[in-house]
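Q: I am sharing upload_19.cif, which consists of mmCIF, C-alpha atoms:
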data_protein
#
loop_
_atom_site.label_atom_id
_atom_site.label_comp_id
_atom_site.auth_asym_id
_atom_site.auth_seq_id
_atom_site.Cartn_x
_atom_site.Cartn_y
_atom_site.Cartn_z
CA MET A 1 0.00 0.00 0.00
CA SER A 2 1.48 3.35 -1.01
CA ARG A 3 2.07 6.20 1.41
CA ARG A 4 -0.75 8.18 -0.16
CA SER A 5 -3.32 5.55 0.70
CA TYR A 6 -2.23 5.28 4.34
CA GLY A 7 -5.22 4.27 6.42
CA LEU A 8 -7.12 2.90 3.43
CA ARG A 9 -6.23 -0.68 4.33
CA ALA A 10 -7.64 -0.27 7.86
CA TRP A 11 -10.77 1.36 6.42
CA ILE A 12 -11.33 -1.53 4.01
CA LEU A 13 -10.58 -4.19 6.66
CA GLN A 14 -13.08 -2.58 9.03
CA ARG A 15 -15.83 -2.72 6.39
CA LEU A 16 -15.01 -6.21 5.11
CA SER A 17 -14.96 -7.62 8.65
CA ALA A 18 -18.24 -5.81 9.40
CA VAL A 19 -20.00 -7.38 6.42
CA TYR A 20 -18.60 -10.83 7.24
CA MET A 21 -19.67 -10.60 10.90
CA ALA A 22 -23.14 -9.36 9.92
CA VAL A 23 -23.67 -12.35 7.59
CA TYR A 24 -22.26 -14.83 10.15
CA ILE A 25 -24.36 -13.42 13.01
CA LEU A 26 -27.57 -13.53 10.96
CA TYR A 27 -26.76 -17.12 9.98
CA PHE A 28 -26.00 -17.99 13.62
CA ILE A 29 -29.24 -16.43 14.89
CA PHE A 30 -31.16 -18.22 12.12
CA HIS A 31 -29.61 -21.56 13.09
CA VAL A 32 -30.19 -21.32 16.85
CA THR A 33 -33.76 -20.13 16.26
CA VAL A 34 -34.75 -22.80 13.73
CA GLN A 35 -32.67 -25.65 15.21
CA PRO A 36 -31.64 -24.77 18.77
CA PRO A 37 -28.89 -27.11 20.05
CA GLN A 38 -30.72 -29.44 22.45
CA SER A 39 -27.63 -30.77 24.19
CA TYR A 40 -23.91 -30.32 24.66
CA ASP A 41 -23.15 -33.04 22.08
CA ASP A 42 -25.51 -31.37 19.61
CA TRP A 43 -23.77 -27.99 20.02
CA ARG A 44 -20.29 -29.49 19.85
CA ALA A 45 -21.14 -31.49 16.74
CA TRP A 46 -22.52 -28.37 15.03
CA ILE A 47 -19.47 -26.24 15.85
CA SER A 48 -17.00 -28.93 14.78
CA GLY A 49 -18.62 -29.39 11.36
CA PRO A 50 -16.24 -28.56 8.49
CA VAL A 51 -18.08 -25.45 7.26
CA VAL A 52 -19.14 -24.09 10.66
CA SER A 53 -15.73 -24.52 12.33
CA ILE A 54 -13.98 -22.62 9.53
CA THR A 55 -16.61 -19.87 9.27
CA THR A 56 -16.57 -19.55 13.08
CA ALA A 57 -12.77 -19.25 13.12
CA LEU A 58 -13.03 -16.57 10.42
CA PHE A 59 -15.75 -14.84 12.47
CA PHE A 60 -13.38 -14.47 15.41
CA VAL A 61 -10.63 -13.23 13.08
CA ALA A 62 -13.10 -10.61 11.82
CA VAL A 63 -14.08 -9.67 15.40
CA LEU A 64 -10.42 -9.12 16.39
CA ILE A 65 -9.59 -7.10 13.23
CA HIS A 66 -12.74 -5.00 13.58
CA ALA A 67 -12.09 -4.38 17.27
CA TRP A 68 -8.46 -3.43 16.60
CA VAL A 69 -9.29 -0.88 13.88
CA GLY A 70 -12.17 0.58 15.89
CA ILE A 71 -10.41 0.86 19.24
CA ARG A 72 -7.25 2.21 17.53
CA ASP A 73 -9.37 5.02 16.03
CA VAL A 74 -10.82 5.81 19.47
CA VAL A 75 -7.39 5.79 21.17
CA MET A 76 -5.85 7.99 18.45
CA ASP A 77 -8.75 10.46 18.78
CA TYR A 78 -8.67 10.92 22.55
CA ILE A 79 -5.22 9.92 23.82
CA LYS A 80 -2.73 12.54 22.70
CA PRO A 81 0.54 11.91 24.65
CA LEU A 82 2.53 9.56 22.42
CA ALA A 83 3.98 7.41 25.22
CA VAL A 84 0.54 6.76 26.73
CA ARG A 85 -0.96 6.12 23.32
CA PHE A 86 1.79 3.68 22.36
CA SER A 87 1.59 1.80 25.67
CA LEU A 88 -2.19 1.56 25.54
CA LEU A 89 -2.21 0.36 21.91
CA SER A 90 0.47 -2.21 22.70
CA LEU A 91 -1.55 -3.53 25.64
CA ILE A 92 -4.73 -3.69 23.55
CA GLY A 93 -2.88 -5.40 20.71
CA LEU A 94 -1.47 -8.02 23.08
CA MET A 95 -4.88 -8.59 24.64
CA LEU A 96 -6.52 -9.09 21.22
CA LEU A 97 -3.70 -11.40 20.14
CA ALA A 98 -4.16 -13.44 23.33
CA CYS A 99 -7.89 -13.66 22.58
CA GLY A 100 -7.02 -14.96 19.12
CA PHE A 101 -4.82 -17.75 20.54
CA TRP A 102 -7.54 -18.56 23.07
CA VAL A 103 -10.06 -19.09 20.23
CA VAL A 104 -7.56 -21.27 18.34
CA LYS A 105 -7.15 -23.39 21.48
CA ILE A 106 -10.94 -23.73 21.93
CA LEU A 107 -11.53 -24.71 18.31
CA LEU A 108 -8.68 -27.25 18.32
CA GLN A 109 -10.01 -28.84 21.53
CA VAL A 110 -13.41 -29.39 19.92
CA TYR A 111 -11.85 -32.16 17.82
CA GLN A 112 -10.36 -34.06 20.75
CA MET B 1 -0.57 39.55 31.11
CA ILE B 2 -3.10 37.09 29.83
CA GLN B 3 -6.42 38.72 29.18
CA LYS B 4 -9.67 36.88 29.44
CA SER B 5 -11.18 36.19 26.06
CA ARG B 6 -14.19 38.37 25.36
CA ARG B 7 -15.72 35.82 23.04
CA PRO B 8 -19.04 34.49 24.28
CA VAL B 9 -18.93 31.02 25.76
CA PHE B 10 -22.01 28.92 25.28
CA LEU B 11 -21.55 25.60 26.96
CA ASP B 12 -24.89 25.10 28.63
CA ILE B 13 -25.12 21.34 28.27
CA THR B 14 -28.88 21.41 28.79
CA ARG B 15 -29.33 23.76 25.83
CA ILE B 16 -26.88 22.25 23.35
CA HIS B 17 -28.96 20.08 21.08
CA LEU B 18 -27.19 17.33 19.14
CA PRO B 19 -28.85 16.28 15.88
CA VAL B 20 -29.93 12.64 15.77
CA THR B 21 -27.10 11.80 13.33
CA ALA B 22 -24.55 12.95 15.93
CA VAL B 23 -26.28 10.89 18.62
CA ILE B 24 -26.03 7.81 16.38
CA SER B 25 -22.35 8.52 15.79
CA ILE B 26 -21.44 8.77 19.47
CA THR B 27 -23.56 5.76 20.50
CA HIS B 28 -21.86 3.75 17.74
CA ARG B 29 -18.55 4.62 19.40
CA ILE B 30 -19.70 3.95 22.96
CA THR B 31 -21.26 0.58 22.05
CA GLY B 32 -18.11 -0.26 20.08
CA ILE B 33 -15.91 0.32 23.14
CA LEU B 34 -18.37 -1.73 25.24
CA PHE B 35 -18.20 -4.68 22.83
CA PHE B 36 -14.42 -4.45 22.69
CA LEU B 37 -14.46 -4.95 26.47
CA LEU B 38 -16.93 -7.82 26.12
CA ILE B 39 -14.75 -9.83 23.67
CA PRO B 40 -13.03 -11.83 26.47
CA VAL B 41 -16.47 -12.46 28.04
CA LEU B 42 -17.79 -13.76 24.72
CA ILE B 43 -14.78 -16.07 24.22
CA TYR B 44 -15.02 -17.24 27.84
CA MET B 45 -18.67 -18.22 27.34
CA PHE B 46 -17.81 -19.89 24.03
CA ASP B 47 -15.03 -21.84 25.79
CA LEU B 48 -17.30 -22.80 28.69
CA SER B 49 -20.11 -23.95 26.39
CA LEU B 50 -17.73 -26.31 24.55
CA SER B 51 -15.79 -27.53 27.60
CA SER B 52 -18.27 -30.00 29.13
CA GLN B 53 -21.96 -30.81 29.59
CA HIS B 54 -21.83 -28.90 32.86
CA GLY B 55 -20.26 -25.86 31.18
CA PHE B 56 -22.84 -25.96 28.39
CA ASP B 57 -25.65 -26.06 30.96
CA SER B 58 -24.25 -23.10 32.88
CA VAL B 59 -24.03 -21.00 29.71
CA MET B 60 -27.61 -21.95 28.77
CA SER B 61 -28.83 -21.10 32.27
CA VAL B 62 -27.08 -17.72 32.37
CA THR B 63 -30.43 -16.04 31.71
CA HIS B 64 -32.12 -17.57 34.74
CA HIS B 65 -31.25 -14.71 37.05
CA TRP B 66 -33.09 -11.44 36.53
CA VAL B 67 -29.88 -9.34 36.71
CA ALA B 68 -28.37 -11.45 33.91
CA LYS B 69 -31.59 -11.15 31.90
CA LEU B 70 -31.62 -7.38 32.28
CA THR B 71 -27.93 -7.17 31.32
CA LEU B 72 -28.55 -9.32 28.25
CA VAL B 73 -31.47 -7.12 27.15
CA VAL B 74 -29.32 -3.98 27.44
CA VAL B 75 -26.40 -5.67 25.61
CA LEU B 76 -28.75 -6.78 22.81
CA TRP B 77 -30.10 -3.23 22.54
CA GLY B 78 -26.54 -1.89 22.29
CA PHE B 79 -25.70 -4.57 19.76
CA ALA B 80 -28.73 -3.71 17.60
CA HIS B 81 -27.70 -0.06 17.75
CA HIS B 82 -24.14 -0.82 16.65
CA PHE B 83 -25.37 -3.27 13.99
CA PHE B 84 -27.98 -0.97 12.41
CA ALA B 85 -25.76 2.12 12.63
CA GLY B 86 -22.99 0.09 10.97
CA ILE B 87 -25.28 -0.86 8.09
CA ARG B 88 -26.20 2.82 7.80
CA TYR B 89 -22.49 3.72 7.49
CA LEU B 90 -21.97 1.03 4.86
CA LEU B 91 -24.89 2.51 2.88
CA ILE B 92 -23.38 5.99 3.22
CA ASP B 93 -20.09 4.54 1.90
CA ILE B 94 -21.87 3.54 -1.30
CA ASP B 95 -23.57 6.96 -1.53
CA ILE B 96 -26.98 5.95 -0.21
CA ALA B 97 -28.76 8.45 2.12
CA VAL B 98 -25.92 10.97 2.23
CA GLY B 99 -28.10 14.11 2.14
CA ARG B 100 -29.14 16.06 5.22
CA GLU B 101 -32.77 14.97 5.26
CA SER B 102 -32.28 11.35 4.16
CA SER B 103 -29.39 10.82 6.60
CA ARG B 104 -31.67 12.00 9.42
CA VAL B 105 -34.38 9.60 8.30
CA THR B 106 -31.96 6.64 8.33
CA ALA B 107 -30.61 7.76 11.73
CA TRP B 108 -34.15 7.63 13.13
CA CYS B 109 -34.52 4.18 11.54
CA VAL B 110 -31.46 3.07 13.55
CA VAL B 111 -33.05 4.40 16.76
CA ALA B 112 -36.33 2.67 15.88
CA GLY B 113 -34.58 -0.62 15.05
CA GLY B 114 -32.78 -0.48 18.41
CA ILE B 115 -36.04 0.13 20.29
CA ILE B 116 -37.76 -2.75 18.44
CA VAL B 117 -34.93 -5.11 19.48
CA LEU B 118 -35.04 -3.70 23.03
CA PHE B 119 -38.76 -4.39 23.40
CA GLY B 120 -38.58 -7.68 21.51
CA SER B 121 -35.81 -9.07 23.71
CA ALA B 122 -37.47 -7.67 26.85
CA VAL B 123 -40.73 -9.46 25.99
CA LEU B 124 -38.89 -12.71 25.17
CA LEU B 125 -36.56 -12.72 28.17
CA LEU B 126 -38.11 -10.78 31.05
#
What does the file become when written as structure tokens?

A:
Amino acid sequence: MSRRSYGLRAWILQRLSAVYMAVYILYFIFHVTVQPPQSYDDWRAWISGPVVSITTALFFVAVLIHAWVGIRDVVMDYIKPLAVRFSLLSLIGLMLLACGFWVVKILLQVYQ
Amino acid sequence: MIQKSRRPVFLDITRIHLPVTAVISITHRITGILFFLLIPVLIYMFDLSLSSQHGFDSVMSVTHHWVAKLTLVVVLWGFAHHFFAGIRYLLIDIDIAVGRESSRVTAWCVVAGGIIVLFGSAVLLL
């Protein structure tokens, strides 16, 4: 991405992740309304299906990207001292990264 | 010596009136920050629901207590707000409802959509 389009990538990622999450959430609500998981095994089997496990993993990727772009905008708007801004963004980035690894762990454990 | 500015200051918070589009903008931000903070809670509940039969049951019974029910209704209202306002921004991105009047109409639609979800979830849960 060239220097002139700085920020464009974040803008596009925020919108793409928003559209993906919207579609996934509507699908999720539709599923649990039409066919609510009756038991733990039911729920686990649904999540571990080939399509659902991949679309769910992508959903969490979209959540983390969307949250990062959004919260970065908020921090850059209201936190002016550079040291505070940098520290806060680093902390938030680490926290979101940890959340990502947590989801990977959960989804891998579903297969055990 | 620093002289006091003679410019009039008008910061009477009770008399400043934000247009509905500005209200939508700030609530989109506030709900966004709220959901950022709720990400670990969401993942924790996802983890718990897939950990064991007992964990699944505790996630499913989270709405048994009235405080949890009330919290869920408010969270769903905030979510609807963020969701509908987000769709409104995506439409604005593709040049739909950009004008002053039409953007106000869509902003009121966001408010209305939020209230419908608020009442709908309240009726279903409370």

Q: Taking (-21.0, -9.6, 23.8) in the file's coordinates, which residues come within 12 Å, counting all atoms listed in the file, written as a ChimeraX atom specification?

A: /A:25,63 /B:31-46,71-80,82

Q: Determine the nearest neighbour of Ser49 (chain B) from the options A:Arg44, A:Arg15, A:His31, A:Arg9, counting only C-alpha atoms.

A: A:Arg44

Q: For this file, the PyMOL selection byres ((chain A) within 7 of (chain B)) selects which residues, as a list in words?

A: Tyr40, Arg44, Ala67, Ile71, Cys99, Val103 and Ile106 of chain A

Q: Any chance you could resolve the PyMOL selection byres ((chain B and resi 23) around 12) against this file and give the residues as a ChimeraX atom specification?

A: /B:17-22,24-31,81,85,104,107-108,110-111

Q: Would you write out those residues with C-alpha atoms, as a JSON list (two decimals), in the frame of the given file?

A:
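Final output, result.json:
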[["chain", "number", "residue", "atom", "x", "y", "z"],
["B", 17, "HIS", "CA", -28.96, 20.08, 21.08],
["B", 18, "LEU", "CA", -27.19, 17.33, 19.14],
["B", 19, "PRO", "CA", -28.85, 16.28, 15.88],
["B", 20, "VAL", "CA", -29.93, 12.64, 15.77],
["B", 21, "THR", "CA", -27.10, 11.80, 13.33],
["B", 22, "ALA", "CA", -24.55, 12.95, 15.93],
["B", 24, "ILE", "CA", -26.03, 7.81, 16.38],
["B", 25, "SER", "CA", -22.35, 8.52, 15.79],
["B", 26, "ILE", "CA", -21.44, 8.77, 19.47],
["B", 27, "THR", "CA", -23.56, 5.76, 20.50],
["B", 28, "HIS", "CA", -21.86, 3.75, 17.74],
["B", 29, "ARG", "CA", -18.55, 4.62, 19.40],
["B", 30, "ILE", "CA", -19.70, 3.95, 22.96],
["B", 31, "THR", "CA", -21.26, 0.58, 22.05],
["B", 81, "HIS", "CA", -27.70, -0.06, 17.75],
["B", 85, "ALA", "CA", -25.76, 2.12, 12.63],
["B", 104, "ARG", "CA", -31.67, 12.00, 9.42],
["B", 107, "ALA", "CA", -30.61, 7.76, 11.73],
["B", 108, "TRP", "CA", -34.15, 7.63, 13.13],
["B", 110, "VAL", "CA", -31.46, 3.07, 13.55],
["B", 111, "VAL", "CA", -33.05, 4.40, 16.76]]

Q: Kindly give the distance, in Å, that separates CA of Gly7 (chain A) and CA of Val69 (chain A), rounded to a single decimal.

A: 9.9 Å

Q: Between A:Leu64, A:Val52, A:Ala98, A:Leu82, single out the one closest to Tyr27 (chain A), counting only C-alpha atoms.

A: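 The answer is A:Val52, which sits nearest to Tyr27 (chain A).
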
Q: Spell out the residues picked by the PyMOL selection byres ((chain A and resi 84-90) around 12) here, as a PyMOL selection string.

A: chain A and resi 67-83+91-97

Q: Output C-alpha atoms of each residue in that selection to a file, as an mmCIF file, in the coordinates of the input.

A:
data_model
loop_
_atom_site.group_PDB
_atom_site.id
_atom_site.type_symbol
_atom_site.label_atom_id
_atom_site.label_comp_id
_atom_site.auth_asym_id
_atom_site.auth_seq_id
_atom_site.Cartn_x
_atom_site.Cartn_y
_atom_site.Cartn_z
ATOM 1 C CA ALA A 67 -12.090 -4.380 17.270
ATOM 2 C CA TRP A 68 -8.460 -3.430 16.600
ATOM 3 C CA VAL A 69 -9.290 -0.880 13.880
ATOM 4 C CA GLY A 70 -12.170 0.580 15.890
ATOM 5 C CA ILE A 71 -10.410 0.860 19.240
ATOM 6 C CA ARG A 72 -7.250 2.210 17.530
ATOM 7 C CA ASP A 73 -9.370 5.020 16.030
ATOM 8 C CA VAL A 74 -10.820 5.810 19.470
ATOM 9 C CA VAL A 75 -7.390 5.790 21.170
ATOM 10 C CA MET A 76 -5.850 7.990 18.450
ATOM 11 C CA ASP A 77 -8.750 10.460 18.780
ATOM 12 C CA TYR A 78 -8.670 10.920 22.550
ATOM 13 C CA ILE A 79 -5.220 9.920 23.820
ATOM 14 C CA LYS A 80 -2.730 12.540 22.700
ATOM 15 C CA PRO A 81 0.540 11.910 24.650
ATOM 16 C CA LEU A 82 2.530 9.560 22.420
ATOM 17 C CA ALA A 83 3.980 7.410 25.220
ATOM 18 C CA LEU A 91 -1.550 -3.530 25.640
ATOM 19 C CA ILE A 92 -4.730 -3.690 23.550
ATOM 20 C CA GLY A 93 -2.880 -5.400 20.710
ATOM 21 C CA LEU A 94 -1.470 -8.020 23.080
ATOM 22 C CA MET A 95 -4.880 -8.590 24.640
ATOM 23 C CA LEU A 96 -6.520 -9.090 21.220
ATOM 24 C CA LEU A 97 -3.700 -11.400 20.140
#

Q: What does the structure give for the distance between CA of Val67 (chain B) and CA of Gly100 (chain A), in Å to one decimal?

A: 29.4 Å

Q: A:Gln112, A:Ser17, A:Thr33, A:Ser39: which is nearest Val59 (chain B), counting only C-alpha atoms?

A: A:Ser39

Q: Find the distance between CA of Gln14 (chain A) and CA of His66 (chain A) and write it in Å to one decimal.

A: 5.2 Å

Q: Measuring between all atoms listed in the file, which one of A:Val34, A:Val104, A:Val110, A:Ala62 shows the shortest distance to Ala22 (chain A)?

A: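 Selected residue with least distance to Ala22 (chain A): A:Ala62.
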